[in-house]
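Enquirer: Input file: final_5.txt. Contents: compact mmCIF, C-alpha atoms and all ligand atoms.
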```
# COMPACT_ATOMS: atom_id res chain seq x y z
CA MET A 1 -108.51 25.94 14.95
CA LYS A 2 -106.25 28.17 12.86
CA LYS A 3 -104.75 30.99 14.94
CA GLU A 4 -104.67 34.62 13.78
CA LYS A 5 -101.27 36.08 13.00
CA VAL A 6 -99.73 38.31 15.67
CA ARG A 7 -99.17 41.82 14.31
CA PHE A 8 -95.73 43.29 15.02
CA ALA A 9 -93.92 46.59 14.51
CA VAL A 10 -90.20 47.23 14.92
CA VAL A 11 -88.69 50.48 16.25
CA GLY A 12 -85.05 50.97 15.23
CA TYR A 13 -83.95 49.50 11.90
CA GLY A 14 -80.26 49.06 12.68
CA PHE A 15 -78.27 45.86 13.08
CA ALA A 16 -80.65 44.29 15.61
CA GLY A 17 -83.86 45.71 14.10
CA LYS A 18 -83.01 44.21 10.70
CA ARG A 19 -82.65 40.77 12.33
CA HIS A 20 -85.99 41.14 14.06
CA CYS A 21 -87.66 42.10 10.77
CA SER A 22 -86.14 39.27 8.75
CA HIS A 23 -87.13 36.67 11.34
CA LEU A 24 -90.63 38.10 11.71
CA LEU A 25 -91.08 37.88 7.93
CA SER A 26 -90.14 34.21 8.00
CA ILE A 27 -92.48 33.18 10.84
CA PRO A 28 -95.90 32.08 9.53
CA ARG A 29 -97.76 33.23 12.67
CA ALA A 30 -96.22 36.73 12.58
CA GLU A 31 -97.11 39.74 10.45
CA LEU A 32 -94.78 42.73 10.21
CA ILE A 33 -97.05 45.79 9.94
CA ALA A 34 -94.60 48.70 10.20
CA VAL A 35 -91.10 49.88 11.01
CA ALA A 36 -89.98 53.20 12.52
CA ASP A 37 -86.49 54.70 12.51
CA CYS A 38 -85.57 58.37 13.01
CA ASP A 39 -82.68 58.10 10.53
CA ILE A 40 -83.55 58.78 6.87
CA THR A 41 -80.93 56.34 5.53
CA ARG A 42 -82.35 53.54 7.65
CA GLN A 43 -85.91 54.45 6.57
CA ASN A 44 -84.81 54.19 2.92
CA GLU A 45 -83.14 50.83 3.58
CA ALA A 46 -86.37 49.60 5.16
CA ARG A 47 -88.45 50.85 2.21
CA ILE A 48 -86.24 48.91 -0.20
CA ALA A 49 -86.05 45.71 1.87
CA LEU A 50 -89.56 45.47 3.30
CA SER A 51 -93.08 45.74 1.96
CA CYS A 52 -94.51 47.14 5.23
CA SER A 53 -95.08 50.83 6.02
CA VAL A 54 -92.06 52.83 7.20
CA HIS A 55 -92.14 55.81 9.60
CA SER A 56 -89.72 58.35 11.03
CA ASP A 57 -91.50 58.49 14.37
CA TYR A 58 -92.79 55.48 16.31
CA ILE A 59 -95.64 57.37 18.01
CA SER A 60 -97.11 58.43 14.68
CA MET A 61 -96.54 54.85 13.45
CA LEU A 62 -98.76 53.61 16.31
CA GLU A 63 -101.36 56.27 15.52
CA HIS A 64 -101.41 55.22 11.84
CA HIS A 65 -101.63 51.53 12.71
CA PRO A 66 -103.92 50.85 15.67
CA GLU A 67 -103.85 47.17 14.61
CA ILE A 68 -100.24 46.77 15.87
CA GLU A 69 -100.24 44.36 18.83
CA VAL A 70 -96.53 44.03 19.66
CA VAL A 71 -93.67 46.53 19.31
CA ASN A 72 -90.09 45.27 19.18
CA ILE A 73 -87.80 47.97 20.56
CA CYS A 74 -84.40 47.80 18.85
CA THR A 75 -83.09 51.31 19.51
CA PRO A 76 -80.04 52.39 21.57
CA ASN A 77 -80.01 51.00 25.13
CA GLY A 78 -80.71 54.36 26.77
CA LEU A 79 -84.04 54.72 24.90
CA HIS A 80 -85.54 51.29 25.65
CA THR A 81 -87.48 51.99 28.82
CA GLU A 82 -89.09 55.30 27.85
CA GLN A 83 -90.12 53.93 24.45
CA ALA A 84 -91.46 50.75 26.07
CA ILE A 85 -93.59 52.80 28.47
CA LYS A 86 -95.02 54.85 25.58
CA CYS A 87 -95.87 51.71 23.58
CA LEU A 88 -97.41 49.95 26.61
CA SER A 89 -99.43 53.07 27.43
CA ARG A 90 -100.91 52.88 23.94
CA GLY A 91 -102.01 49.29 24.55
CA CYS A 92 -99.22 47.33 22.86
CA HIS A 93 -97.14 44.46 24.23
CA VAL A 94 -93.40 45.09 23.95
CA VAL A 95 -90.33 43.02 23.11
CA ILE A 96 -87.31 44.93 24.44
CA GLU A 97 -83.83 44.31 23.07
CA LYS A 98 -81.17 43.70 25.68
CA PRO A 99 -80.49 45.35 28.01
CA MET A 100 -84.05 46.02 29.16
CA GLY A 101 -82.81 49.40 30.46
CA LEU A 102 -79.83 51.09 32.03
CA THR A 103 -81.27 51.37 35.55
CA VAL A 104 -83.36 49.11 37.75
CA GLU A 105 -85.65 52.04 38.50
CA SER A 106 -86.48 52.59 34.80
CA CYS A 107 -87.15 48.85 34.31
CA GLN A 108 -89.47 48.88 37.32
CA ARG A 109 -91.41 51.73 35.76
CA VAL A 110 -91.85 49.63 32.59
CA MET A 111 -93.21 46.72 34.63
CA GLN A 112 -95.57 48.98 36.60
CA CYS A 113 -96.94 50.36 33.33
CA ALA A 114 -97.34 46.81 31.93
CA ILE A 115 -99.31 45.76 35.01
CA LYS A 116 -101.52 48.83 34.78
CA MET A 117 -102.17 48.32 31.08
CA LYS A 118 -102.43 44.50 31.38
CA ARG A 119 -99.83 44.02 28.67
CA HIS A 120 -96.79 41.74 28.36
CA VAL A 121 -93.11 42.71 28.43
CA PHE A 122 -90.65 40.33 26.81
CA CYS A 123 -86.88 40.76 26.82
CA VAL A 124 -84.45 39.52 24.20
CA LEU A 125 -82.42 36.99 26.17
CA GLN A 126 -81.78 34.66 23.27
CA ASN A 127 -78.85 32.71 24.72
CA ARG A 128 -81.36 30.87 26.90
CA TYR A 129 -82.34 28.95 23.76
CA SER A 130 -78.83 27.56 23.11
CA PRO A 131 -78.73 23.75 23.54
CA THR A 132 -75.65 24.04 25.79
CA VAL A 133 -77.42 26.43 28.15
CA ILE A 134 -80.66 24.41 28.19
CA TRP A 135 -78.63 21.27 28.98
CA LEU A 136 -76.64 22.96 31.76
CA ARG A 137 -79.79 24.36 33.35
CA GLU A 138 -81.34 20.88 33.41
CA ILE A 139 -78.18 19.48 35.03
CA ILE A 140 -78.35 22.15 37.75
CA GLU A 141 -82.12 21.94 38.26
CA ASN A 142 -81.84 18.17 38.72
CA HIS A 143 -79.11 18.75 41.35
CA LEU A 144 -76.62 16.59 39.45
CA LEU A 145 -73.72 18.86 40.42
CA GLY A 146 -74.68 18.88 44.11
CA LYS A 147 -73.90 22.09 45.95
CA ILE A 148 -72.40 24.74 43.66
CA GLN A 149 -69.02 25.80 45.02
CA PHE A 150 -67.56 28.06 42.35
CA VAL A 151 -68.66 29.73 39.13
CA GLU A 152 -66.38 31.44 36.63
CA ILE A 153 -67.56 33.42 33.61
CA ASN A 154 -65.05 34.59 31.01
CA CYS A 155 -66.10 36.87 28.14
CA PHE A 156 -63.25 37.95 25.91
CA TRP A 157 -64.43 39.72 22.78
CA ASN A 158 -63.04 42.21 20.34
CA ARG A 159 -64.50 45.58 19.40
CA GLU A 160 -62.51 47.93 17.16
CA PRO A 161 -62.91 51.72 16.79
CA THR A 162 -64.92 51.16 13.57
CA TYR A 163 -67.62 49.44 15.63
CA TYR A 164 -68.11 52.63 17.65
CA LEU A 165 -68.01 54.91 14.63
CA GLN A 166 -70.80 52.92 12.97
CA SER A 167 -73.42 54.01 15.54
CA PRO A 168 -72.85 57.20 17.54
CA TRP A 169 -74.67 55.97 20.69
CA ARG A 170 -72.15 53.18 21.22
CA GLY A 171 -69.49 54.10 23.72
CA GLN A 172 -71.62 56.78 25.40
CA LEU A 173 -72.26 56.27 29.08
CA GLU A 174 -75.77 57.66 28.81
CA MET A 175 -76.93 55.64 25.79
CA ASP A 176 -74.73 52.52 25.84
CA GLY A 177 -73.82 52.13 29.52
CA GLY A 178 -70.79 49.88 29.10
CA PRO A 179 -69.75 46.39 27.96
CA LEU A 180 -71.81 44.59 30.62
CA PHE A 181 -74.93 46.17 29.14
CA THR A 182 -74.10 46.07 25.45
CA GLN A 183 -71.82 43.06 24.91
CA PHE A 184 -72.18 40.80 27.93
CA SER A 185 -75.69 41.22 29.34
CA HIS A 186 -76.59 37.85 27.80
CA PHE A 187 -73.92 36.16 29.89
CA ILE A 188 -74.97 37.95 33.07
CA ASP A 189 -78.47 36.67 32.32
CA ILE A 190 -77.16 33.11 31.91
CA LEU A 191 -75.24 33.41 35.19
CA ARG A 192 -78.40 34.40 37.04
CA TRP A 193 -80.61 31.92 35.21
CA LEU A 194 -78.28 29.05 36.09
CA VAL A 195 -77.09 29.83 39.60
CA GLY A 196 -79.16 32.75 40.90
CA ASP A 197 -78.36 36.23 42.17
CA VAL A 198 -75.01 37.53 43.46
CA TYR A 199 -73.91 39.81 46.32
CA ASN A 200 -70.76 41.07 48.04
CA ILE A 201 -69.35 42.27 44.72
CA HIS A 202 -65.82 43.58 44.22
CA GLY A 203 -64.57 44.85 40.89
CA ILE A 204 -61.53 46.26 39.12
CA PHE A 205 -61.96 48.02 35.78
CA ALA A 206 -59.47 49.12 33.14
CA ARG A 207 -59.18 50.93 29.81
CA VAL A 208 -56.54 48.84 28.08
CA LYS A 209 -57.46 50.06 24.56
CA PRO A 210 -57.83 53.83 24.93
CA GLU A 211 -58.15 54.34 21.16
CA ASN A 212 -61.68 52.96 21.39
CA PRO A 213 -63.87 56.08 21.74
CA THR A 214 -65.78 55.05 24.85
CA GLU A 215 -66.65 56.84 28.07
CA PHE A 216 -66.12 53.69 30.15
CA GLU A 217 -63.98 50.60 30.72
CA ASP A 218 -63.18 47.93 28.15
CA THR A 219 -62.02 45.35 30.68
CA GLY A 220 -63.17 44.21 34.11
CA ALA A 221 -62.43 41.59 36.77
CA ILE A 222 -65.29 41.01 39.22
CA ASN A 223 -65.60 38.73 42.25
CA PHE A 224 -68.82 37.93 44.10
CA GLN A 225 -70.70 35.53 46.34
CA LEU A 226 -73.71 33.55 45.13
CA LYS A 227 -76.91 33.99 47.14
CA ASN A 228 -77.50 30.24 46.83
CA GLY A 229 -74.02 29.46 48.20
CA GLY A 230 -70.55 29.42 46.68
CA ILE A 231 -68.44 32.19 45.19
CA GLY A 232 -67.66 33.31 41.67
CA SER A 233 -65.80 35.55 39.28
CA LEU A 234 -66.60 37.34 36.04
CA ASN A 235 -63.72 38.40 33.81
CA TYR A 236 -64.45 40.35 30.66
CA SER A 237 -62.85 42.38 27.94
CA ILE A 238 -63.83 43.88 24.61
CA ALA A 239 -60.17 44.60 23.87
CA THR A 240 -59.14 41.06 22.96
CA TYR A 241 -56.66 40.98 20.11
CA ARG A 242 -58.22 41.00 16.62
CA GLN A 243 -61.29 38.77 17.20
CA ASN A 244 -63.77 37.41 19.71
CA PHE A 245 -61.99 34.71 21.65
CA GLU A 246 -64.22 33.16 24.27
CA SER A 247 -67.49 33.29 26.20
CA SER A 248 -67.48 30.53 28.77
CA ILE A 249 -68.95 29.48 32.08
CA THR A 250 -67.33 26.94 34.38
CA ILE A 251 -69.36 25.53 37.25
CA ILE A 252 -67.69 23.54 39.98
CA GLY A 253 -70.08 21.58 42.19
CA GLU A 254 -69.47 19.00 44.88
CA LYS A 255 -70.43 16.17 42.47
CA GLY A 256 -69.09 17.46 39.18
CA THR A 257 -67.36 20.05 37.02
CA VAL A 258 -68.81 21.47 33.81
CA LYS A 259 -67.55 24.05 31.36
CA ILE A 260 -69.44 25.39 28.35
CA GLY A 261 -67.53 27.73 26.07
CA GLY A 262 -66.43 28.50 22.55
CA GLN A 263 -66.94 31.98 21.15
CA TYR A 264 -70.51 32.25 22.46
CA MET A 265 -71.06 29.40 24.97
CA ASN A 266 -71.88 27.06 22.10
CA GLU A 267 -69.77 24.02 23.06
CA VAL A 268 -69.56 21.69 26.03
CA LEU A 269 -65.84 21.81 26.75
CA HIS A 270 -65.80 19.69 29.89
CA CYS A 271 -68.29 17.46 31.66
CA ASP A 272 -67.29 15.24 34.57
CA ILE A 273 -70.29 14.44 36.76
CA GLN A 274 -70.76 11.58 39.22
CA ASP A 275 -72.81 8.70 37.67
CA TYR A 276 -73.61 10.71 34.54
CA ALA A 277 -72.86 9.85 30.90
CA PHE A 278 -72.73 12.86 28.61
CA GLU A 279 -74.65 12.54 25.32
CA PRO A 280 -73.78 14.89 22.43
CA LEU A 281 -76.16 17.88 22.11
CA PRO A 282 -77.81 19.29 18.98
CA SER A 283 -75.57 21.94 17.43
CA CYS A 284 -76.05 25.61 18.39
CA ASN A 285 -77.16 28.31 15.97
CA LYS A 286 -74.32 30.36 14.52
CA PRO A 287 -73.54 33.74 16.13
CA ASN A 288 -75.24 36.83 14.72
CA ASP A 289 -72.83 38.04 12.06
CA TYR A 290 -72.97 41.83 11.65
CA GLY A 291 -70.26 41.93 8.97
CA PHE A 292 -67.37 43.51 10.80
CA TYR A 293 -68.19 42.05 14.21
CA GLN A 294 -69.94 39.02 15.67
CA GLY A 295 -72.49 38.91 18.46
CA SER A 296 -74.27 36.19 20.42
CA ALA A 297 -76.02 33.07 19.15
CA ASP A 298 -78.74 33.81 16.58
CA ASN A 299 -81.69 32.29 18.45
CA PHE A 300 -84.04 35.16 17.56
CA ARG A 301 -86.45 32.91 15.71
CA GLN A 302 -87.00 30.55 18.67
CA MET A 303 -87.43 33.57 20.93
CA LEU A 304 -90.01 35.25 18.66
CA GLU A 305 -91.88 31.96 18.20
CA ASN A 306 -92.00 31.56 22.00
CA ILE A 307 -93.44 35.08 22.32
CA ILE A 308 -96.15 34.33 19.75
CA LEU A 309 -97.08 31.09 21.55
CA CYS A 310 -97.31 32.98 24.86
CA LEU A 311 -99.55 35.66 23.39
CA GLN A 312 -101.78 32.95 21.92
CA GLY A 313 -101.96 31.22 25.29
CA GLU A 314 -100.12 28.07 24.18
CA ASN A 315 -96.93 28.36 26.19
CA CYS A 316 -95.31 30.23 29.04
CA TYR A 317 -92.64 32.74 28.35
CA ILE A 318 -88.97 32.15 28.83
CA SER A 319 -87.70 35.71 28.95
CA SER A 320 -90.13 38.11 30.60
CA GLY A 321 -89.53 41.70 31.65
CA TRP A 322 -89.01 40.51 35.22
CA GLU A 323 -86.10 38.40 33.99
CA GLY A 324 -84.64 41.34 32.07
CA LEU A 325 -84.92 43.51 35.17
CA GLN A 326 -83.00 40.99 37.31
CA GLY A 327 -80.09 41.06 34.84
CA VAL A 328 -80.03 44.88 34.91
CA ASN A 329 -80.02 44.67 38.71
CA ILE A 330 -76.82 42.58 38.70
CA ILE A 331 -75.10 44.91 36.22
CA GLN A 332 -76.13 47.96 38.24
CA LYS A 333 -74.70 46.38 41.41
CA ILE A 334 -71.42 45.66 39.60
CA TYR A 335 -71.23 49.11 38.03
CA GLN A 336 -71.65 50.82 41.40
CA HIS A 337 -68.03 49.79 41.86
CA ARG A 338 -67.06 51.39 38.53
CA ALA A 339 -67.97 54.95 39.49
CA GLU A 340 -64.64 55.61 41.20
CA PHE A 341 -62.71 54.35 38.14
CA LEU A 342 -64.73 56.57 35.81
CA ARG A 343 -63.94 59.59 37.97
CA ARG A 344 -60.25 58.68 37.96
CA TRP A 345 -60.14 58.40 34.17
CA ASN A 346 -61.79 61.79 33.93
CA LEU A 347 -63.13 61.41 30.40
CA PRO A 348 -65.16 64.46 29.45
CA PRO A 349 -67.41 63.99 26.40
CA LYS A 350 -65.29 66.57 24.54
CA VAL A 351 -62.30 64.21 24.63
CA ARG A 352 -64.42 61.43 23.25
CA LYS A 353 -65.62 63.60 20.37
CA GLU A 354 -62.03 64.49 19.54
CA ILE A 355 -60.95 60.87 19.52
CA THR A 356 -63.92 60.03 17.30
CA ARG A 357 -63.08 62.83 14.83
CA HIS A 358 -59.47 61.76 14.72
CA LEU A 359 -60.44 58.15 14.03
CA ALA A 360 -63.04 59.11 11.42
CA ALA A 361 -60.36 61.02 9.55
CA SER A 362 -58.03 58.03 9.60
CA ILE A 363 -60.38 55.39 8.09
N1 LIG B 1 -79.81 40.53 21.12
C1 LIG B 1 -78.68 40.73 20.49
O1 LIG B 1 -77.89 39.81 20.29
C2 LIG B 1 -78.34 42.12 20.03
C3 LIG B 1 -77.41 42.31 19.02
C4 LIG B 1 -77.12 43.62 18.61
C5 LIG B 1 -77.74 44.69 19.24
N2 LIG B 1 -78.62 44.46 20.25
C6 LIG B 1 -79.31 45.58 20.91
O2 LIG B 1 -80.17 46.20 19.97
C7 LIG B 1 -80.20 47.60 20.17
C8 LIG B 1 -79.79 48.31 18.88
O3 LIG B 1 -78.46 47.95 18.57
P1 LIG B 1 -77.93 48.05 17.07
O4 LIG B 1 -76.59 47.43 17.07
O5 LIG B 1 -78.97 47.55 16.15
O6 LIG B 1 -77.77 49.64 16.93
P2 LIG B 1 -77.90 50.50 15.61
O7 LIG B 1 -77.30 51.81 15.90
O8 LIG B 1 -77.41 49.73 14.44
O9 LIG B 1 -79.49 50.66 15.43
C9 LIG B 1 -80.26 51.49 16.26
C10 LIG B 1 -81.30 52.16 15.37
O10 LIG B 1 -82.21 52.89 16.20
C11 LIG B 1 -82.53 54.10 15.51
N3 LIG B 1 -83.06 55.07 16.48
C12 LIG B 1 -82.38 55.80 17.38
N4 LIG B 1 -83.22 56.58 18.08
C13 LIG B 1 -84.47 56.33 17.61
C14 LIG B 1 -85.75 56.82 17.93
N5 LIG B 1 -85.93 57.72 18.90
N6 LIG B 1 -86.80 56.36 17.20
C15 LIG B 1 -86.63 55.46 16.22
N7 LIG B 1 -85.42 54.96 15.87
C16 LIG B 1 -84.36 55.37 16.57
C17 LIG B 1 -81.23 54.52 14.87
O11 LIG B 1 -81.42 55.44 13.81
C18 LIG B 1 -80.67 53.18 14.41
O12 LIG B 1 -81.06 52.88 13.09
C19 LIG B 1 -79.28 47.89 21.33
O13 LIG B 1 -80.03 47.96 22.50
C20 LIG B 1 -78.37 46.68 21.38
O14 LIG B 1 -77.88 46.41 22.68
C21 LIG B 1 -78.94 43.21 20.63
```
Is it possible to give me this structure as structure tokens?

Expert:
Amino acid sequence: MKKEKVRFAVVGYGFAGKRHCSHLLSIPRAELIAVADCDITRQNEARIALSCSVHSDYISMLEHHPEIEVVNICTPNGLHTEQAIKCLSRGCHVVIEKPMGLTVESCQRVMQCAIKMKRHVFCVLQNRYSPTVIWLREIIENHLLGKIQFVEINCFWNREPTYYLQSPWRGQLEMDGGPLFTQFSHFIDILRWLVGDVYNIHGIFARVKPENPTEFEDTGAINFQLKNGGIGSLNYSIATYRQNFESSITIIGEKGTVKIGGQYMNEVLHCDIQDYAFEPLPSCNKPNDYGFYQGSADNFRQMLENIILCLQGENCYISSGWEGLQGVNIIQKIYQHRAEFLRRWNLPPKVRKEITRHLAASI
């Protein structure tokens, strides 16, 4: 029997929203009904690029189009949870861009609303669809590494001042939250998906590139214990010289050592496992290319297709709201250790605005 198309809308027509729209347009079982963005330039871009209806306000979009079934929320991080609650309350399912929210409490409120309204919450955790990650999860689930002893995650990316000037919410504590939310939440998700939750966290944070107009760190070194046994470390920076350098995870188990890496965990760099012969994997999708910076692997299409199959009862979902919430929980636990550093740096918003103005004048 031929299935009906699932009717989507997208809120936020920026870098991520444009990707969502272009993938939705290419998926036969999806129909893009409408887009909402509060910015007039973005609305005009949408009118030129898309044949769907375009709105300045997502609530009035939902009122105009009661046929919308799913809303993809692609707005600044700090708006995700409140917008998700409003869409759920009006009877829509939601797909929330990463991070699901900036606090565990706000994510819990989203899930409570979803339960009450009997609607689904999906989170964009697209790195789970990378062949390297799928392979590594199978290795771990089949206990081929034995007991996990040590895990190391390294994320060394580059973000220049122009990246922050492009979208005013980036760099703000209240709307962005910090690199673990905006750049590296995918890798925190992979950490948890592969080896479980962490505790006993210790962290050191630094601002090694103060010309970036942010209200938080650009670099961090974190140590922790794994709830399932073993210890680990997460090292990250968005101040790497000139370009993204590495996103990797090394897992040392009693029966083997594995490292996946490359710019976005797209290559198996090392595999030495007892009684196991490594077979080459299908190649990963390229990273999302946003012109002047690169993001994570472009697995949006697989993710959206999975969501459609779930809604049509043909599959189970890989990245639910509960999964998004767990990732936010780890970041929140890590960032509790950042508060003292933020106080020490003493960065009032006024300073940030001045840096931004200075930089805007110089480009
Ligand atoms: N999954 C990924 O790999 C990936 C990649 C990039 C960004 N993201 C996430 O997507 C989100 C958006 O990031 P971006 O880089 O596209 O930012 P962006 O600034 O380019 O786009 C955000 C858009 O939201 C609009 N907006 C703001 N407030 C709004 C409101 N109240 N109603 C409607 N529209 C509103 C802005 O006008 C802007 O066009 C962020 O949460 C980010 O973390 C995810």

Enquirer: Please determine, counting only C-alpha atoms and all ligand atoms, which residue among A:Asp298, A:Glu314, A:Glu174, A:Glu215 has the shortest atom-to-atom distance to ligand LIG 1 (chain B).

Expert: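 Of the candidates, the smallest distance to ligand LIG 1 (chain B) is held by A:Asp298.
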
Enquirer: Given the choices A:Thr182, A:Gln149, A:Asn44, A:Ser130, which gets closest to ligand LIG 1 (chain B) if the distance is worked out from all atoms listed in the file?

Expert: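 Under the stated criterion, the closest residue is A:Thr182.
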
Enquirer: Which of these, A:Asn306, A:Asn72, A:Ser22, A:Ser51, has the shortest distance to ligand LIG 1 (chain B) once you count only C-alpha atoms and all ligand atoms?

Expert: A:Asn72

Enquirer: Fewer than 4 positions away in the same chain doesn't count, so skip those; otherwise give me all residues within 8 Å of region 271-280 of chain A, counting only C-alpha atoms, as a PDB file with C-alpha atoms, keeping the file's coordinate frame.

Expert:
```pdb
ATOM      1  CA  LEU A 144     -76.620  16.590  39.450  1.00  0.00           C
ATOM      2  CA  LEU A 145     -73.720  18.860  40.420  1.00  0.00           C
ATOM      3  CA  LYS A 255     -70.430  16.170  42.470  1.00  0.00           C
ATOM      4  CA  GLY A 256     -69.090  17.460  39.180  1.00  0.00           C
ATOM      5  CA  THR A 257     -67.360  20.050  37.020  1.00  0.00           C
ATOM      6  CA  VAL A 258     -68.810  21.470  33.810  1.00  0.00           C
ATOM      7  CA  LYS A 259     -67.550  24.050  31.360  1.00  0.00           C
TER       8      LYS A 259
END
```

Enquirer: Residues within 6 Å of ligand LIG 1 (chain B), counting all atoms listed in the file: report them as a PDB file with C-alpha atoms, in the coordinates of the input.

Expert:
```pdb
ATOM      1  CA  VAL A  11     -88.690  50.480  16.250  1.00  0.00           C
ATOM      2  CA  GLY A  12     -85.050  50.970  15.230  1.00  0.00           C
ATOM      3  CA  TYR A  13     -83.950  49.500  11.900  1.00  0.00           C
ATOM      4  CA  GLY A  14     -80.260  49.060  12.680  1.00  0.00           C
ATOM      5  CA  PHE A  15     -78.270  45.860  13.080  1.00  0.00           C
ATOM      6  CA  ALA A  16     -80.650  44.290  15.610  1.00  0.00           C
ATOM      7  CA  GLY A  17     -83.860  45.710  14.100  1.00  0.00           C
ATOM      8  CA  ALA A  36     -89.980  53.200  12.520  1.00  0.00           C
ATOM      9  CA  ASP A  37     -86.490  54.700  12.510  1.00  0.00           C
ATOM     10  CA  CYS A  38     -85.570  58.370  13.010  1.00  0.00           C
ATOM     11  CA  ASP A  39     -82.680  58.100  10.530  1.00  0.00           C
ATOM     12  CA  ARG A  42     -82.350  53.540   7.650  1.00  0.00           C
ATOM     13  CA  ASP A  57     -91.500  58.490  14.370  1.00  0.00           C
ATOM     14  CA  CYS A  74     -84.400  47.800  18.850  1.00  0.00           C
ATOM     15  CA  THR A  75     -83.090  51.310  19.510  1.00  0.00           C
ATOM     16  CA  PRO A  76     -80.040  52.390  21.570  1.00  0.00           C
ATOM     17  CA  ASN A  77     -80.010  51.000  25.130  1.00  0.00           C
ATOM     18  CA  GLU A  97     -83.830  44.310  23.070  1.00  0.00           C
ATOM     19  CA  LYS A  98     -81.170  43.700  25.680  1.00  0.00           C
ATOM     20  CA  VAL A 124     -84.450  39.520  24.200  1.00  0.00           C
ATOM     21  CA  SER A 167     -73.420  54.010  15.540  1.00  0.00           C
ATOM     22  CA  THR A 182     -74.100  46.070  25.450  1.00  0.00           C
ATOM     23  CA  GLY A 295     -72.490  38.910  18.460  1.00  0.00           C
ATOM     24  CA  SER A 296     -74.270  36.190  20.420  1.00  0.00           C
TER      25      SER A 296
END
```

Enquirer: Could you please determine the separation between CA of Met303 (chain A) and CA of Ile96 (chain A) in Å, to one decimal place?

Expert: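 Distance between the two atoms: 11.9 Å.
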
Enquirer: Provide an axis-aligned box for all listed atoms of region 13-25 of chain A, padding each side by 4 Å; report its centre and its edge lengths in Å to one decimal, as lines of an AutoDock Vina configuration file.

Expert:
```
center_x = -84.7
center_y = 43.1
center_z = 11.8
size_x = 20.8
size_y = 20.8
size_z = 15.7
```

Enquirer: Choose the residue, out of A:Val268, A:Cys316, A:Cys155, A:Ile204, that has the smallest atom-to-atom separation from Glu340 (chain A); count all atoms listed in the file.

Expert: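 Nearest candidate to Glu340 (chain A) out of A:Val268, A:Cys316, A:Cys155, A:Ile204: A:Ile204.
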
Enquirer: In Å, rounded to a single decimal, give me how far CA of Asn235 (chain A) is from CA of Glu152 (chain A).

Expert: 8.0 Å

Enquirer: Counting all atoms listed in the file, select every polymer residue within 12 Å of (-72.8, 58.9, 22.0) as defined in the file's coordinates, and provide the selection as a PyMOL selection string.

Expert: chain A and resi 76-78+164-178+213-216+349-350+352-353+356

Enquirer: Write out as JSON, numbers by chain each polymer residue whose atoms come within 10 Å of region 189-191 of chain A, counting all atoms listed in the file; drop sequence neighbours fewer than 6 positions from it.

Expert: {"A": [99, 125, 126, 127, 128, 133, 137, 151, 152, 153, 197, 198, 232, 234, 249, 265, 319, 323, 324, 325, 326, 327, 328, 330, 331]}

Enquirer: Pick from A:Gln225, A:Gln183, A:Pro161, A:Gly321: nearest to Arg109 (chain A), with all atoms listed in the file counted?

Expert: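 For Arg109 (chain A), the nearest of the given residues is A:Gly321.
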
Enquirer: So how far away is CA of Phe187 (chain A) from CA of Ile238 (chain A), in Å?

Expert: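 So the answer is 13.8 Å.
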
Enquirer: Which is closest to His23 (chain A) among A:Phe8, A:Tyr58, A:Phe156, A:Tyr236, if we use all atoms listed in the file?

Expert: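 Among the listed residues, the smallest separation from His23 (chain A) belongs to A:Phe8.
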
Enquirer: With a distance cut-off of 12 Å and only C-alpha atoms, select the neighbouring residues of region 114-116 of chain A, excluding the residue or stretch itself and same-chain residues fewer than 5 positions from it, and output the selection as a PyMOL selection string.

Expert: chain A and resi 81+84-95+107-109+121-122+320-322

Enquirer: Once you count only C-alpha atoms, which residues end up no further than 6 Å from (-70.5, 25.9, 46.7) in the file's frame, shown as a PyMOL selection string?

Expert: chain A and resi 147-150+229-230

Enquirer: What would the file look like if the residues just selected were written as a tab-separated table (two decimals), keeping the file's coordinate frame with C-alpha atoms?

Expert:
```tsv
chain	number	residue	atom	x	y	z
A	147	LYS	CA	-73.90	22.09	45.95
A	148	ILE	CA	-72.40	24.74	43.66
A	149	GLN	CA	-69.02	25.80	45.02
A	150	PHE	CA	-67.56	28.06	42.35
A	229	GLY	CA	-74.02	29.46	48.20
A	230	GLY	CA	-70.55	29.42	46.68
```

Enquirer: Generate the missing atoms of region 76-81 of chain A up to N, CA and C atoms and report them as a PDB file, in the coordinates of the input.

Expert:
```pdb
ATOM      1  N   PRO A  76     -81.128  52.361  20.586  1.00  0.00           N
ATOM      2  CA  PRO A  76     -80.040  52.390  21.570  1.00  0.00           C
ATOM      3  C   PRO A  76     -80.524  52.096  22.992  1.00  0.00           C
ATOM      4  N   ASN A  77     -79.658  51.461  23.773  1.00  0.00           N
ATOM      5  CA  ASN A  77     -80.010  51.000  25.130  1.00  0.00           C
ATOM      6  C   ASN A  77     -80.731  52.064  25.963  1.00  0.00           C
ATOM      7  N   GLY A  78     -80.204  53.294  25.910  1.00  0.00           N
ATOM      8  CA  GLY A  78     -80.710  54.360  26.770  1.00  0.00           C
ATOM      9  C   GLY A  78     -82.119  54.808  26.426  1.00  0.00           C
ATOM     10  N   LEU A  79     -82.676  54.326  25.295  1.00  0.00           N
ATOM     11  CA  LEU A  79     -84.040  54.720  24.900  1.00  0.00           C
ATOM     12  C   LEU A  79     -85.071  53.641  25.219  1.00  0.00           C
ATOM     13  N   HIS A  80     -84.613  52.436  25.545  1.00  0.00           N
ATOM     14  CA  HIS A  80     -85.540  51.290  25.650  1.00  0.00           C
ATOM     15  C   HIS A  80     -86.709  51.530  26.588  1.00  0.00           C
ATOM     16  N   THR A  81     -86.409  51.985  27.809  1.00  0.00           N
ATOM     17  CA  THR A  81     -87.480  51.990  28.820  1.00  0.00           C
ATOM     18  C   THR A  81     -88.540  53.057  28.519  1.00  0.00           C
TER      19      THR A  81
END
```
